[in-house]
Amino acid sequence: MKLFIIAVALFAVVASEVQQDFFCSRDSDCDENACCTKVGICSDYVEEGGLCTIRSKLACGCRPGLDCVRSSFITKRCVDNNPGSGGF
């Protein structure tokens with residue numbers, strides 16, 4: 001019985017941490033690699049080379065410093081358009 005109570009308490013602590021990182025009201029409530037969406041859920045930014053066609057409209061889109069650029073007829077990808085940022 002004691003083990004069960006300890007397990008439930010541990011689960012409650014972990015669940016509250018996950019909920020704190022999942023729901024938000026502003027960008028500062030989320031991790032540094034995420035933003036707060038319009039529905040109040042933390043969502044990760046799209047990394048360089050990732051598809052951003054839909055995520056730029058519904059979620060965070062590209063991480064800061066990247067632009068969502070058309071890569072084909074339908075798709076867009078996150079691209080670093082900052083010359084001299086490390087690419088050869």
# chains A, B, ... in the order shown; residues from 1 in each chain; ligands from 1

call {"tool": "residues_around", "arguments": {"residues": "segment 66-76 of chain A", "least_positions_apart": "4", "cutoff": "8 Å", "atoms": "only C-alpha atoms", "output": "ChimeraX atom specification"}}
result
/A:48,51-53,56,61-62,80-81

call {"tool": "write_last_selection", "arguments": {"atoms": "C-alpha atoms", "output": "PDB file, in the first residue's frame"}}
result
ATOM      1  CA  GLU A  48      16.533  24.096 -40.693  1.00  0.00           C
ATOM      2  CA  LEU A  51       8.827  21.300 -43.713  1.00  0.00           C
ATOM      3  CA  CYS A  52       7.019  24.486 -42.718  1.00  0.00           C
ATOM      4  CA  THR A  53       4.170  24.617 -45.258  1.00  0.00           C
ATOM      5  CA  SER A  56       3.943  28.073 -40.219  1.00  0.00           C
ATOM      6  CA  GLY A  61       6.804  27.751 -37.956  1.00  0.00           C
ATOM      7  CA  CYS A  62      10.554  28.095 -38.397  1.00  0.00           C
ATOM      8  CA  ASP A  80      18.873  30.045 -43.099  1.00  0.00           C
ATOM      9  CA  ASN A  81      18.975  33.176 -45.252  1.00  0.00           C
TER      10      ASN A  81
END

call {"tool": "residues_around", "arguments": {"residues": "segment 21-33 of chain A", "least_positions_apart": "3", "cutoff": "6 Å", "atoms": "only C-alpha atoms", "output": "list in words"}}
result
Val18, Cys36, Gly40, Ile41, Cys42, Asp44 and Tyr45 of chain A

call {"tool": "residues_around", "arguments": {"residues": "Gly50 of chain A", "least_positions_apart": "4", "cutoff": "6 Å", "atoms": "only C-alpha atoms", "output": "list in words"}}
result
Val46, Arg77 and Cys78 of chain A

call {"tool": "write_last_selection", "arguments": {"atoms": "N, CA, C and O atoms", "output": "CSV table (one decimal), in the first residue's frame"}}
result
chain,number,residue,atom,x,y,z
A,46,VAL,N,10.2,24.6,-36.1
A,46,VAL,CA,10.7,23.8,-37.2
A,46,VAL,C,12.2,24.1,-37.4
A,46,VAL,O,12.5,25.3,-37.5
A,77,ARG,N,10.2,24.9,-47.0
A,77,ARG,CA,11.2,24.4,-46.0
A,77,ARG,C,11.8,25.6,-45.3
A,77,ARG,O,11.9,26.7,-45.8
A,78,CYS,N,12.3,25.4,-44.0
A,78,CYS,CA,13.0,26.4,-43.3
A,78,CYS,C,14.4,26.5,-43.8
A,78,CYS,O,15.1,25.5,-43.9

call {"tool": "residues_around", "arguments": {"residues": "Ser43 of chain A", "least_positions_apart": "6", "cutoff": "8 Å", "atoms": "only C-alpha atoms", "output": "ChimeraX atom specification"}}
result
/A:34-37,59-60

call {"tool": "select_by_dssp", "arguments": {"residues": "segment 17-76 of chain A", "states": "strand (DSSP E)", "output": "list of chain:residue names"}}
result
A:Ala34, A:Cys35, A:Cys36, A:Cys42, A:Ser43, A:Asp44, A:Asp67, A:Cys68, A:Val69, A:Arg70, A:Lys76

call {"tool": "write_last_selection", "arguments": {"atoms": "C-alpha atoms", "output": "mmCIF file, in the first residue's frame"}}
result
data_model
loop_
_atom_site.group_PDB
_atom_site.id
_atom_site.type_symbol
_atom_site.label_atom_id
_atom_site.label_comp_id
_atom_site.auth_asym_id
_atom_site.auth_seq_id
_atom_site.Cartn_x
_atom_site.Cartn_y
_atom_site.Cartn_z
ATOM 1 C CA ALA A 34 9.130 26.292 -28.732
ATOM 2 C CA CYS A 35 6.372 28.887 -28.874
ATOM 3 C CA CYS A 36 2.824 29.164 -27.576
ATOM 4 C CA CYS A 42 3.566 24.693 -26.608
ATOM 5 C CA SER A 43 4.848 23.609 -30.009
ATOM 6 C CA ASP A 44 8.453 23.167 -31.156
ATOM 7 C CA ASP A 67 12.710 31.729 -43.132
ATOM 8 C CA CYS A 68 9.980 29.539 -44.597
ATOM 9 C CA VAL A 69 10.863 29.407 -48.321
ATOM 10 C CA ARG A 70 9.130 27.612 -51.192
ATOM 11 C CA LYS A 76 8.087 25.047 -48.160
#

call {"tool": "decode", "arguments": {"residues": "segment 22-34 of chain A", "atoms": "all heavy atoms", "output": "compact mmCIF listing (two decimals), in the first residue's frame"}}
result
# COMPACT_ATOMS: atom_id res chain seq x y z
N PHE A 22 3.45 21.84 -21.36
CA PHE A 22 2.59 21.59 -22.51
C PHE A 22 1.62 22.73 -22.76
O PHE A 22 1.45 23.18 -23.88
CB PHE A 22 1.84 20.27 -22.28
CG PHE A 22 1.07 19.80 -23.48
CD1 PHE A 22 1.74 19.32 -24.58
CD2 PHE A 22 -0.30 19.84 -23.49
CE1 PHE A 22 1.03 18.88 -25.69
CE2 PHE A 22 -1.01 19.41 -24.58
CZ PHE A 22 -0.35 18.92 -25.69
N PHE A 23 0.97 23.23 -21.72
CA PHE A 23 -0.01 24.31 -21.86
C PHE A 23 0.64 25.66 -21.59
O PHE A 23 1.55 25.75 -20.78
CB PHE A 23 -1.20 24.09 -20.91
CG PHE A 23 -1.97 22.86 -21.23
CD1 PHE A 23 -1.87 21.73 -20.44
CD2 PHE A 23 -2.80 22.81 -22.34
CE1 PHE A 23 -2.57 20.58 -20.74
CE2 PHE A 23 -3.50 21.67 -22.65
CZ PHE A 23 -3.39 20.55 -21.84
N CYS A 24 0.16 26.70 -22.27
CA CYS A 24 0.80 28.00 -22.14
C CYS A 24 -0.19 29.12 -22.41
O CYS A 24 -1.28 28.89 -22.94
CB CYS A 24 1.96 28.09 -23.13
SG CYS A 24 1.44 27.86 -24.84
N SER A 25 0.22 30.32 -22.06
CA SER A 25 -0.56 31.51 -22.41
C SER A 25 0.30 32.53 -23.15
O SER A 25 -0.20 33.48 -23.71
CB SER A 25 -1.17 32.14 -21.15
OG SER A 25 -0.14 32.47 -20.24
N ARG A 26 1.63 32.31 -23.14
CA ARG A 26 2.57 33.18 -23.88
C ARG A 26 3.83 32.37 -24.16
O ARG A 26 4.07 31.33 -23.56
CB ARG A 26 2.87 34.44 -23.10
CG ARG A 26 3.46 34.21 -21.74
CD ARG A 26 3.55 35.50 -20.93
NE ARG A 26 3.94 35.25 -19.58
CZ ARG A 26 3.14 34.85 -18.60
NH1 ARG A 26 1.86 34.67 -18.85
NH2 ARG A 26 3.58 34.65 -17.39
N ASP A 27 4.66 32.87 -25.07
CA ASP A 27 5.86 32.16 -25.50
C ASP A 27 6.82 31.87 -24.36
O ASP A 27 7.49 30.84 -24.34
CB ASP A 27 6.60 32.94 -26.60
CG ASP A 27 5.87 32.90 -27.93
OD1 ASP A 27 4.98 32.04 -28.11
OD2 ASP A 27 6.18 33.74 -28.79
N SER A 28 6.90 32.74 -23.39
CA SER A 28 7.84 32.55 -22.29
C SER A 28 7.45 31.36 -21.39
O SER A 28 8.28 30.90 -20.61
CB SER A 28 7.95 33.82 -21.45
OG SER A 28 6.71 34.15 -20.89
N ASP A 29 6.23 30.85 -21.52
CA ASP A 29 5.81 29.67 -20.76
C ASP A 29 6.38 28.38 -21.34
O ASP A 29 6.35 27.35 -20.69
CB ASP A 29 4.28 29.55 -20.74
CG ASP A 29 3.61 30.69 -19.98
OD1 ASP A 29 4.29 31.33 -19.16
OD2 ASP A 29 2.41 30.93 -20.21
N CYS A 30 6.90 28.44 -22.56
CA CYS A 30 7.40 27.26 -23.26
C CYS A 30 8.92 27.21 -23.19
O CYS A 30 9.57 28.16 -22.79
CB CYS A 30 6.96 27.29 -24.72
SG CYS A 30 5.17 27.40 -24.95
N ASP A 31 9.48 26.08 -23.64
CA ASP A 31 10.93 25.95 -23.74
C ASP A 31 11.48 26.96 -24.72
O ASP A 31 10.74 27.54 -25.51
CB ASP A 31 11.31 24.54 -24.22
CG ASP A 31 10.98 23.48 -23.19
OD1 ASP A 31 10.92 23.81 -21.99
OD2 ASP A 31 10.80 22.31 -23.60
N GLU A 32 12.81 27.14 -24.73
CA GLU A 32 13.43 28.11 -25.64
C GLU A 32 13.29 27.69 -27.10
O GLU A 32 13.40 28.52 -27.98
CB GLU A 32 14.88 28.33 -25.28
CG GLU A 32 15.76 27.11 -25.47
CD GLU A 32 17.19 27.37 -25.05
OE1 GLU A 32 17.41 28.07 -24.06
OE2 GLU A 32 18.09 26.86 -25.74
N ASN A 33 13.06 26.40 -27.38
CA ASN A 33 12.92 25.92 -28.75
C ASN A 33 11.45 25.73 -29.13
O ASN A 33 11.15 24.93 -30.02
CB ASN A 33 13.68 24.60 -28.94
CG ASN A 33 15.17 24.79 -28.81
OD1 ASN A 33 15.70 25.81 -29.23
ND2 ASN A 33 15.83 23.83 -28.22
N ALA A 34 10.56 26.44 -28.47
CA ALA A 34 9.13 26.29 -28.73
C ALA A 34 8.43 27.63 -28.56
O ALA A 34 8.98 28.57 -28.02
CB ALA A 34 8.53 25.26 -27.79
